[in-house]
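Everything on this sheet refers to the single structure shown next.
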Amino acid sequence: MEKIILKGFGLKAVKSPVAEGEALVSQSPISFLGNVDPETGIIKNHPLEGESVTGRVLVFPTGVGSTVGTYVIINLAEKGLAPKAIVQRKADTVTLVGAVVAGIPLVHRVTPDPIECIRTGDWVRVDSHKGVVEVERRKK
Amino acid sequence: MYLTKEEEKAFDGEYGEAISLAMRILCALGDFFEADRLIPIHSAHVSGVSYKTGGDALLTTLKKFSYLGAKVQSFTTLNPGGVDLEKWGEMGVEKAFFEKQREIINLYAGMGIFATCSCTPYELGNLPARGSHVAFAESSAVAFVNSYLGARTNRESSLSALASAITGKTPRYGLHLDENRKPTIEVRVTAPLESPTHYGALGYFIGKNFGDAIPLIQSEHSIPLVEAKHLSSAAAASGAVALYYWGKAEGGDKLEKVEVDRKTLDEVFESFGSTSEPEVVMVGCPHYSIYELKKVAELVGGRKLKIPLWVFTSRQVKLLGERFGLVQKIEQAGGKVFCDTCPIVAPFKGFKCFLTDSAKAAHYAPSMNNMEALLMPTEECVKVALEGSKWKK
């Protein structure tokens, strides 16, 4: 099975730094406020409309929009609906602080570009302390 | 990140658990973004106020900080909540929501935060000077103070801004540093900018297409305060623009150039709804200044409205507007002037479609309120409210 390793910078302030799950890859930025329903974890008003972030490794370029997105992430985590881990091309403060408080492993600035080389459905293992993302291609 | 002895004590809880918790958030942030140290801030502006957007996580977090004895160490203002604290009944908001909302605002006020409940703190005395370091959440205010005032803030999360208010400090990285404030793209505007809403449409286009870029915007038009508010709010809503330059900036040579012509802006206006009839006209996103309130009162001009006109502003501007008779003019026509909240963060029910002069409000309407939005300049908005005319694109 094809395996790709991406290296970059990880969030160290999480107690459980390693998480794995199925990738959900967005080509477009995400505004947690507005794009993710805090009651269900379902994405709306976005190209990934209808997909769920719950239990997946969410891969997206960066966070945009409202600074209240942090509380959407914390709300999701408290309901058990948060992503397992987050991989961003470039982290933003709104997403990062949500990850810090909710204890979600997060890495960014990895090479090669995560948006280019991870596909939705791939199995992804994130190590937030080492800043490493391991990707196993799904079977075709 | 380097911490002084005092900061280490704060981190370890010698000055209380609330400061320690705030320090842990700031240090996680600073370490991640490779800040070298913390710097003192002159003021802060906190978002995360509406119970609708923050939910129970917001209430729980505030209760925790409050229980731990949190008090702010800097002058700090507050974003809009979900209801007008005096006229909440007129907004069709349920009492249970109002009570949670009041509790959230009381928790903030208990920490020493000025409960201004407005997204335009710079119009209410929180006006950072050029070069000063601050911690602002509220994306529109971030873009405004960085770009228009030349102050320095990162695009803070609602919670990191609160942590900065409590500690009086922010990690030194990102937009606090000269090297990160250089323009990254040049936007040549050949489109006529005929109203503040056109500046909003321009900002919307830039945010949507260039995300968190730092645009250097070239236009023959000037950029007065109200226009800057609209540009800032739209660019921060559709993207994550936290800083832009108007006309001149160091390091502006050899940038990739894009052109925004009349057609581009027309497309932004058309990208919002066009099928429904507006049932209500909502203006005041970002919160209206006294100038805008005056303009609407004059446009109404003593006539009666056929479609409800809701104007959103800060309590301070409303009081001033009452002193000048502007609020009365709008209310006598059948309109309403609401404070403490805005078209985005209030839990509206019963409307399917609204007309607004704000690209930011139009952007959030479908996802936040399940409403279709139509975008037009203020004059057109008031005209539709007065004439109740069939909506025409």
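Scheme for the structure tokens: letters A, B, ... for chains in order shown; per-chain residue numbers from 1; ligand numbers from 1 in order shown.
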*Compute the chain B side of the contact with chain A at 10 Å, counting only C-alpha atoms, and hand it back as a ChimeraX atom specification.*
/B:24-29,31-33,46-50,53-61,136-140,154-161,207-208,211-212,233-241,360,363-369
If you run DSSP on the backbone, which residues of chain A are strand (DSSP E or B), as an mmCIF file with C-alpha atoms, in the first residue's frame?
data_model
loop_
_atom_site.group_PDB
_atom_site.id
_atom_site.type_symbol
_atom_site.label_atom_id
_atom_site.label_comp_id
_atom_site.auth_asym_id
_atom_site.auth_seq_id
_atom_site.Cartn_x
_atom_site.Cartn_y
_atom_site.Cartn_z
ATOM 1 C CA LYS A 3 2.348 5.492 2.064
ATOM 2 C CA ILE A 4 3.232 9.187 2.092
ATOM 3 C CA ILE A 5 4.862 11.068 4.956
ATOM 4 C CA LEU A 6 4.403 14.812 5.371
ATOM 5 C CA LYS A 7 6.547 16.838 7.769
ATOM 6 C CA GLY A 8 5.917 20.246 9.248
ATOM 7 C CA PHE A 9 4.968 22.013 12.478
ATOM 8 C CA GLY A 10 2.652 20.569 15.096
ATOM 9 C CA VAL A 18 -1.483 11.202 18.095
ATOM 10 C CA ALA A 19 -4.769 10.587 16.316
ATOM 11 C CA GLU A 20 -5.836 8.810 13.170
ATOM 12 C CA GLY A 21 -8.857 8.626 10.942
ATOM 13 C CA GLU A 22 -10.268 8.937 7.486
ATOM 14 C CA ALA A 23 -9.335 12.153 5.703
ATOM 15 C CA LEU A 24 -11.838 14.783 4.660
ATOM 16 C CA VAL A 25 -10.038 17.169 2.329
ATOM 17 C CA ILE A 30 -13.455 26.895 6.119
ATOM 18 C CA VAL A 36 -19.991 23.726 10.231
ATOM 19 C CA ILE A 42 -22.212 18.584 9.151
ATOM 20 C CA ILE A 43 -20.684 21.023 6.652
ATOM 21 C CA SER A 52 -19.431 15.382 8.374
ATOM 22 C CA VAL A 57 -8.980 14.105 9.952
ATOM 23 C CA LEU A 58 -10.003 17.459 8.542
ATOM 24 C CA VAL A 59 -7.564 18.773 5.930
ATOM 25 C CA PHE A 60 -8.088 22.327 4.685
ATOM 26 C CA GLY A 63 -9.625 29.127 8.554
ATOM 27 C CA ALA A 85 -7.227 15.786 14.017
ATOM 28 C CA ILE A 86 -6.704 18.850 11.844
ATOM 29 C CA VAL A 87 -4.168 19.397 9.069
ATOM 30 C CA GLN A 88 -3.904 22.912 7.630
ATOM 31 C CA LEU A 106 -3.144 19.966 14.690
ATOM 32 C CA VAL A 107 -0.275 20.265 12.240
ATOM 33 C CA HIS A 108 0.410 22.838 9.550
ATOM 34 C CA ARG A 109 3.033 23.992 7.049
ATOM 35 C CA VAL A 110 3.775 20.415 6.106
ATOM 36 C CA THR A 111 5.561 19.421 2.918
ATOM 37 C CA TRP A 123 -6.321 6.917 6.168
ATOM 38 C CA VAL A 124 -4.305 9.582 7.980
ATOM 39 C CA ARG A 125 -2.267 9.409 11.175
ATOM 40 C CA VAL A 126 -1.298 12.740 12.737
ATOM 41 C CA ASP A 127 1.443 13.254 15.322
ATOM 42 C CA VAL A 132 4.267 14.473 11.136
ATOM 43 C CA VAL A 133 1.351 13.264 9.003
ATOM 44 C CA GLU A 134 1.316 9.702 7.632
ATOM 45 C CA VAL A 135 -1.044 9.015 4.759
ATOM 46 C CA GLU A 136 -2.168 5.605 3.548
#
*Selected residue of minimal separation from Tyr148 of chain B among B:Leu62, B:Val268, B:Leu85, B:Val226, counting only C-alpha atoms*: B:Val226
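Minimum distance to Val317 of chain B across B:Glu186, B:Glu123, B:Glu298, B:Glu227 (counting only C-alpha atoms) occurs at B:Glu123.
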*Work out how far apart atom CA of Leu255 of chain B and atom CA of Gln27 of chain A are and give it in Å to one decimal.*
24.4 Å
*Going by DSSP on the backbone, which bits of segment 11-140 of chain A are alpha helix (DSSP H)? Write them as a PyMOL selection string, please.*
chain A and resi 32-35+69-78+93-102+114-117
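Taking atom CA of Lys336 of chain B and atom CA of Glu379 of chain B as endpoints, the distance between them is 17.1 Å.
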*Skipping near chain neighbours, those fewer than 3 positions away, what residues fall within 6 Å of Val53 of chain A using only C-alpha atoms, listed as a list in words?*
Gly41, Arg56 and Pro83 of chain A
Could you write out the selected residues, including N, CA and C atoms, as a PDB file, in the first residue's frame?
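Result file follows (again-v5.pdb):
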ATOM      1  N   GLY A  41     -22.137  18.640  13.317  1.00  0.00           N
ATOM      2  CA  GLY A  41     -20.822  18.440  12.695  1.00  0.00           C
ATOM      3  C   GLY A  41     -20.880  18.351  11.182  1.00  0.00           C
ATOM      4  N   ARG A  56     -13.199  12.527  11.754  1.00  0.00           N
ATOM      5  CA  ARG A  56     -12.317  12.474  10.594  1.00  0.00           C
ATOM      6  C   ARG A  56     -11.091  13.363  10.800  1.00  0.00           C
ATOM      7  N   PRO A  83     -13.572  16.879  14.792  1.00  0.00           N
ATOM      8  CA  PRO A  83     -12.650  16.072  14.000  1.00  0.00           C
ATOM      9  C   PRO A  83     -11.628  15.409  14.937  1.00  0.00           C
TER      10      PRO A  83
END
*Can you pull out every residue within 9 Å of Ser16 of chain A, counting only C-alpha atoms, but drop anything in the same chain fewer than 5 positions away, and send it as a PyMOL selection string?*
chain A and resi 103-105+128
Just to be explicit: take each residue in the selection above, keep N, CA and C atoms, and write the result as a PDB file, in the first residue's frame.
ATOM      1  N   GLY A 103      -8.268  20.021  22.722  1.00  0.00           N
ATOM      2  CA  GLY A 103      -7.284  18.946  22.730  1.00  0.00           C
ATOM      3  C   GLY A 103      -7.206  18.179  21.422  1.00  0.00           C
ATOM      4  N   ILE A 104      -7.376  18.874  20.312  1.00  0.00           N
ATOM      5  CA  ILE A 104      -7.330  18.219  18.993  1.00  0.00           C
ATOM      6  C   ILE A 104      -5.924  18.378  18.388  1.00  0.00           C
ATOM      7  N   PRO A 105      -5.266  17.278  18.029  1.00  0.00           N
ATOM      8  CA  PRO A 105      -3.955  17.396  17.383  1.00  0.00           C
ATOM      9  C   PRO A 105      -4.075  18.213  16.090  1.00  0.00           C
ATOM     10  N   SER A 128       0.946  15.298  16.468  1.00  0.00           N
ATOM     11  CA  SER A 128       0.976  16.739  16.692  1.00  0.00           C
ATOM     12  C   SER A 128       2.281  17.189  17.364  1.00  0.00           C
TER      13      SER A 128
END
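Distances from B:Thr153, B:Gln101, B:Thr76, B:Thr190 to Asp178 of chain B were compared using only C-alpha atoms, and the smallest one belongs to B:Thr153.
A straight line drawn from atom CA of Ala373 of chain B to atom CA of Ile214 of chain B is 27.8 Å long.
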Name all residues at most 10 Å from Leu21 of chain B (count only C-alpha atoms; drop same-chain ones fewer than 2 positions away) and give them as a PDB file with all heavy atoms, in the first residue's frame.
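Result file around35.pdb:
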ATOM      1  N   ALA B  10       2.932  34.037  36.665  1.00  0.00           N
ATOM      2  CA  ALA B  10       1.539  34.111  36.201  1.00  0.00           C
ATOM      3  C   ALA B  10       1.125  32.777  35.598  1.00  0.00           C
ATOM      4  O   ALA B  10       0.041  32.261  35.868  1.00  0.00           O
ATOM      5  CB  ALA B  10       1.380  35.237  35.181  1.00  0.00           C
ATOM      6  N   PHE B  11       2.014  32.205  34.798  1.00  0.00           N
ATOM      7  CA  PHE B  11       1.765  30.907  34.157  1.00  0.00           C
ATOM      8  C   PHE B  11       1.531  29.825  35.225  1.00  0.00           C
ATOM      9  O   PHE B  11       0.633  28.999  35.114  1.00  0.00           O
ATOM     10  CB  PHE B  11       2.967  30.535  33.279  1.00  0.00           C
ATOM     11  CG  PHE B  11       2.753  29.309  32.432  1.00  0.00           C
ATOM     12  CD1 PHE B  11       2.297  29.416  31.129  1.00  0.00           C
ATOM     13  CD2 PHE B  11       3.016  28.042  32.941  1.00  0.00           C
ATOM     14  CE1 PHE B  11       2.101  28.284  30.330  1.00  0.00           C
ATOM     15  CE2 PHE B  11       2.822  26.904  32.155  1.00  0.00           C
ATOM     16  CZ  PHE B  11       2.367  27.035  30.858  1.00  0.00           C
ATOM     17  N   ASP B  12       2.345  29.885  36.271  1.00  0.00           N
ATOM     18  CA  ASP B  12       2.283  28.842  37.317  1.00  0.00           C
ATOM     19  C   ASP B  12       1.144  29.046  38.313  1.00  0.00           C
ATOM     20  O   ASP B  12       0.982  28.241  39.233  1.00  0.00           O
ATOM     21  CB  ASP B  12       3.619  28.777  38.054  1.00  0.00           C
ATOM     22  CG  ASP B  12       4.729  28.245  37.156  1.00  0.00           C
ATOM     23  OD1 ASP B  12       4.397  27.527  36.189  1.00  0.00           O
ATOM     24  OD2 ASP B  12       5.907  28.575  37.391  1.00  0.00           O
ATOM     25  N   GLY B  13       0.427  30.133  38.184  1.00  0.00           N
ATOM     26  CA  GLY B  13      -0.756  30.305  39.026  1.00  0.00           C
ATOM     27  C   GLY B  13      -0.562  31.164  40.260  1.00  0.00           C
ATOM     28  O   GLY B  13      -1.447  31.244  41.109  1.00  0.00           O
ATOM     29  N   GLY B  16      -3.240  33.762  40.483  1.00  0.00           N
ATOM     30  CA  GLY B  16      -4.605  33.254  40.343  1.00  0.00           C
ATOM     31  C   GLY B  16      -4.758  32.301  39.174  1.00  0.00           C
ATOM     32  O   GLY B  16      -3.986  32.341  38.214  1.00  0.00           O
ATOM     33  N   GLU B  17      -5.763  31.481  39.289  1.00  0.00           N
ATOM     34  CA  GLU B  17      -6.000  30.439  38.297  1.00  0.00           C
ATOM     35  C   GLU B  17      -6.474  30.999  36.954  1.00  0.00           C
ATOM     36  O   GLU B  17      -6.185  30.439  35.904  1.00  0.00           O
ATOM     37  CB  GLU B  17      -7.045  29.437  38.828  1.00  0.00           C
ATOM     38  CG  GLU B  17      -6.479  28.442  39.813  1.00  0.00           C
ATOM     39  CD  GLU B  17      -5.388  27.573  39.190  1.00  0.00           C
ATOM     40  OE1 GLU B  17      -5.670  26.949  38.157  1.00  0.00           O
ATOM     41  OE2 GLU B  17      -4.272  27.545  39.721  1.00  0.00           O
ATOM     42  N   ALA B  18      -7.225  32.114  37.015  1.00  0.00           N
ATOM     43  CA  ALA B  18      -7.750  32.681  35.766  1.00  0.00           C
ATOM     44  C   ALA B  18      -6.604  33.167  34.887  1.00  0.00           C
ATOM     45  O   ALA B  18      -6.557  32.887  33.682  1.00  0.00           O
ATOM     46  CB  ALA B  18      -8.711  33.820  36.068  1.00  0.00           C
ATOM     47  N   ILE B  19      -5.669  33.889  35.492  1.00  0.00           N
ATOM     48  CA  ILE B  19      -4.517  34.398  34.735  1.00  0.00           C
ATOM     49  C   ILE B  19      -3.681  33.220  34.227  1.00  0.00           C
ATOM     50  O   ILE B  19      -3.186  33.228  33.095  1.00  0.00           O
ATOM     51  CB  ILE B  19      -3.666  35.355  35.603  1.00  0.00           C
ATOM     52  CG1 ILE B  19      -4.480  36.629  35.884  1.00  0.00           C
ATOM     53  CG2 ILE B  19      -2.345  35.688  34.944  1.00  0.00           C
ATOM     54  CD1 ILE B  19      -3.782  37.653  36.730  1.00  0.00           C
ATOM     55  N   MET B  23      -2.818  32.519  30.459  1.00  0.00           N
ATOM     56  CA  MET B  23      -1.407  32.418  30.052  1.00  0.00           C
ATOM     57  C   MET B  23      -1.150  31.127  29.280  1.00  0.00           C
ATOM     58  O   MET B  23      -0.377  31.107  28.318  1.00  0.00           O
ATOM     59  CB  MET B  23      -0.487  32.455  31.287  1.00  0.00           C
ATOM     60  CG  MET B  23      -0.208  33.839  31.812  1.00  0.00           C
ATOM     61  SD  MET B  23       0.762  34.863  30.680  1.00  0.00           S
ATOM     62  CE  MET B  23       2.391  34.226  30.962  1.00  0.00           C
ATOM     63  N   ARG B  24      -1.793  30.035  29.713  1.00  0.00           N
ATOM     64  CA  ARG B  24      -1.577  28.757  29.028  1.00  0.00           C
ATOM     65  C   ARG B  24      -2.094  28.822  27.585  1.00  0.00           C
ATOM     66  O   ARG B  24      -1.470  28.287  26.669  1.00  0.00           O
ATOM     67  CB  ARG B  24      -2.229  27.616  29.811  1.00  0.00           C
ATOM     68  CG  ARG B  24      -1.289  27.094  30.913  1.00  0.00           C
ATOM     69  CD  ARG B  24      -1.939  25.999  31.723  1.00  0.00           C
ATOM     70  NE  ARG B  24      -2.660  26.553  32.855  1.00  0.00           N
ATOM     71  CZ  ARG B  24      -3.689  25.964  33.452  1.00  0.00           C
ATOM     72  NH1 ARG B  24      -4.142  24.814  33.006  1.00  0.00           N
ATOM     73  NH2 ARG B  24      -4.272  26.532  34.488  1.00  0.00           N
ATOM     74  N   ILE B  25      -3.230  29.495  27.395  1.00  0.00           N
ATOM     75  CA  ILE B  25      -3.755  29.668  26.025  1.00  0.00           C
ATOM     76  C   ILE B  25      -2.777  30.488  25.185  1.00  0.00           C
ATOM     77  O   ILE B  25      -2.429  30.128  24.063  1.00  0.00           O
ATOM     78  CB  ILE B  25      -5.159  30.319  26.047  1.00  0.00           C
ATOM     79  CG1 ILE B  25      -6.170  29.346  26.655  1.00  0.00           C
ATOM     80  CG2 ILE B  25      -5.594  30.762  24.644  1.00  0.00           C
ATOM     81  CD1 ILE B  25      -7.525  29.956  26.967  1.00  0.00           C
ATOM     82  N   LEU B  26      -2.304  31.597  25.757  1.00  0.00           N
ATOM     83  CA  LEU B  26      -1.405  32.488  25.007  1.00  0.00           C
ATOM     84  C   LEU B  26      -0.063  31.814  24.720  1.00  0.00           C
ATOM     85  O   LEU B  26       0.531  32.025  23.662  1.00  0.00           O
ATOM     86  CB  LEU B  26      -1.188  33.801  25.772  1.00  0.00           C
ATOM     87  CG  LEU B  26      -2.435  34.678  25.947  1.00  0.00           C
ATOM     88  CD1 LEU B  26      -2.080  35.947  26.709  1.00  0.00           C
ATOM     89  CD2 LEU B  26      -3.065  35.030  24.597  1.00  0.00           C
ATOM     90  N   CYS B  27       0.417  31.017  25.662  1.00  0.00           N
ATOM     91  CA  CYS B  27       1.708  30.345  25.442  1.00  0.00           C
ATOM     92  C   CYS B  27       1.589  29.258  24.382  1.00  0.00           C
ATOM     93  O   CYS B  27       2.505  29.085  23.567  1.00  0.00           O
ATOM     94  CB  CYS B  27       2.254  29.770  26.757  1.00  0.00           C
ATOM     95  SG  CYS B  27       2.869  31.070  27.837  1.00  0.00           S
ATOM     96  N   LYS B  64     -16.283  29.376  33.770  1.00  0.00           N
ATOM     97  CA  LYS B  64     -15.020  28.872  34.311  1.00  0.00           C
ATOM     98  C   LYS B  64     -14.076  30.033  34.641  1.00  0.00           C
ATOM     99  O   LYS B  64     -13.555  30.132  35.744  1.00  0.00           O
ATOM    100  CB  LYS B  64     -14.380  27.926  33.290  1.00  0.00           C
ATOM    101  CG  LYS B  64     -13.154  27.223  33.804  1.00  0.00           C
ATOM    102  CD  LYS B  64     -12.719  26.153  32.806  1.00  0.00           C
ATOM    103  CE  LYS B  64     -11.460  25.448  33.279  1.00  0.00           C
ATOM    104  NZ  LYS B  64     -10.961  24.521  32.257  1.00  0.00           N
ATOM    105  N   PHE B  65     -13.899  30.922  33.669  1.00  0.00           N
ATOM    106  CA  PHE B  65     -13.031  32.083  33.901  1.00  0.00           C
ATOM    107  C   PHE B  65     -13.550  32.919  35.076  1.00  0.00           C
ATOM    108  O   PHE B  65     -12.780  33.383  35.915  1.00  0.00           O
ATOM    109  CB  PHE B  65     -12.930  32.950  32.642  1.00  0.00           C
ATOM    110  CG  PHE B  65     -11.810  32.554  31.726  1.00  0.00           C
ATOM    111  CD1 PHE B  65     -12.062  31.952  30.513  1.00  0.00           C
ATOM    112  CD2 PHE B  65     -10.486  32.785  32.081  1.00  0.00           C
ATOM    113  CE1 PHE B  65     -11.027  31.578  29.654  1.00  0.00           C
ATOM    114  CE2 PHE B  65      -9.442  32.426  31.246  1.00  0.00           C
ATOM    115  CZ  PHE B  65      -9.710  31.820  30.025  1.00  0.00           C
ATOM    116  N   LEU B  68     -12.968  31.336  38.388  1.00  0.00           N
ATOM    117  CA  LEU B  68     -11.547  31.412  38.760  1.00  0.00           C
ATOM    118  C   LEU B  68     -11.116  32.840  39.096  1.00  0.00           C
ATOM    119  O   LEU B  68      -9.961  33.091  39.408  1.00  0.00           O
ATOM    120  CB  LEU B  68     -10.682  30.865  37.617  1.00  0.00           C
ATOM    121  CG  LEU B  68     -10.866  29.372  37.271  1.00  0.00           C
ATOM    122  CD1 LEU B  68     -10.051  29.000  36.039  1.00  0.00           C
ATOM    123  CD2 LEU B  68     -10.482  28.485  38.443  1.00  0.00           C
ATOM    124  N   ALA B  70     -11.499  35.793  37.080  1.00  0.00           N
ATOM    125  CA  ALA B  70     -10.909  36.580  35.984  1.00  0.00           C
ATOM    126  C   ALA B  70     -11.318  38.051  36.036  1.00  0.00           C
ATOM    127  O   ALA B  70     -12.486  38.378  36.226  1.00  0.00           O
ATOM    128  CB  ALA B  70     -11.337  35.980  34.642  1.00  0.00           C
ATOM    129  N   ALA B 163      -8.147  35.994  26.600  1.00  0.00           N
ATOM    130  CA  ALA B 163      -6.934  35.659  27.360  1.00  0.00           C
ATOM    131  C   ALA B 163      -5.991  36.859  27.409  1.00  0.00           C
ATOM    132  O   ALA B 163      -5.365  37.133  28.441  1.00  0.00           O
ATOM    133  CB  ALA B 163      -6.244  34.455  26.728  1.00  0.00           C
ATOM    134  N   ILE B 166      -7.270  39.455  29.857  1.00  0.00           N
ATOM    135  CA  ILE B 166      -7.056  39.038  31.246  1.00  0.00           C
ATOM    136  C   ILE B 166      -5.586  39.183  31.674  1.00  0.00           C
ATOM    137  O   ILE B 166      -5.289  39.545  32.809  1.00  0.00           O
ATOM    138  CB  ILE B 166      -7.549  37.578  31.439  1.00  0.00           C
ATOM    139  CG1 ILE B 166      -9.096  37.556  31.349  1.00  0.00           C
ATOM    140  CG2 ILE B 166      -7.096  36.990  32.767  1.00  0.00           C
ATOM    141  CD1 ILE B 166      -9.688  36.158  31.241  1.00  0.00           C
ATOM    142  N   THR B 167      -4.676  38.924  30.743  1.00  0.00           N
ATOM    143  CA  THR B 167      -3.250  39.027  31.088  1.00  0.00           C
ATOM    144  C   THR B 167      -2.653  40.390  30.724  1.00  0.00           C
ATOM    145  O   THR B 167      -1.585  40.741  31.207  1.00  0.00           O
ATOM    146  CB  THR B 167      -2.423  37.977  30.312  1.00  0.00           C
ATOM    147  OG1 THR B 167      -2.644  38.197  28.917  1.00  0.00           O
ATOM    148  CG2 THR B 167      -2.844  36.555  30.676  1.00  0.00           C
TER     149      THR B 167
END
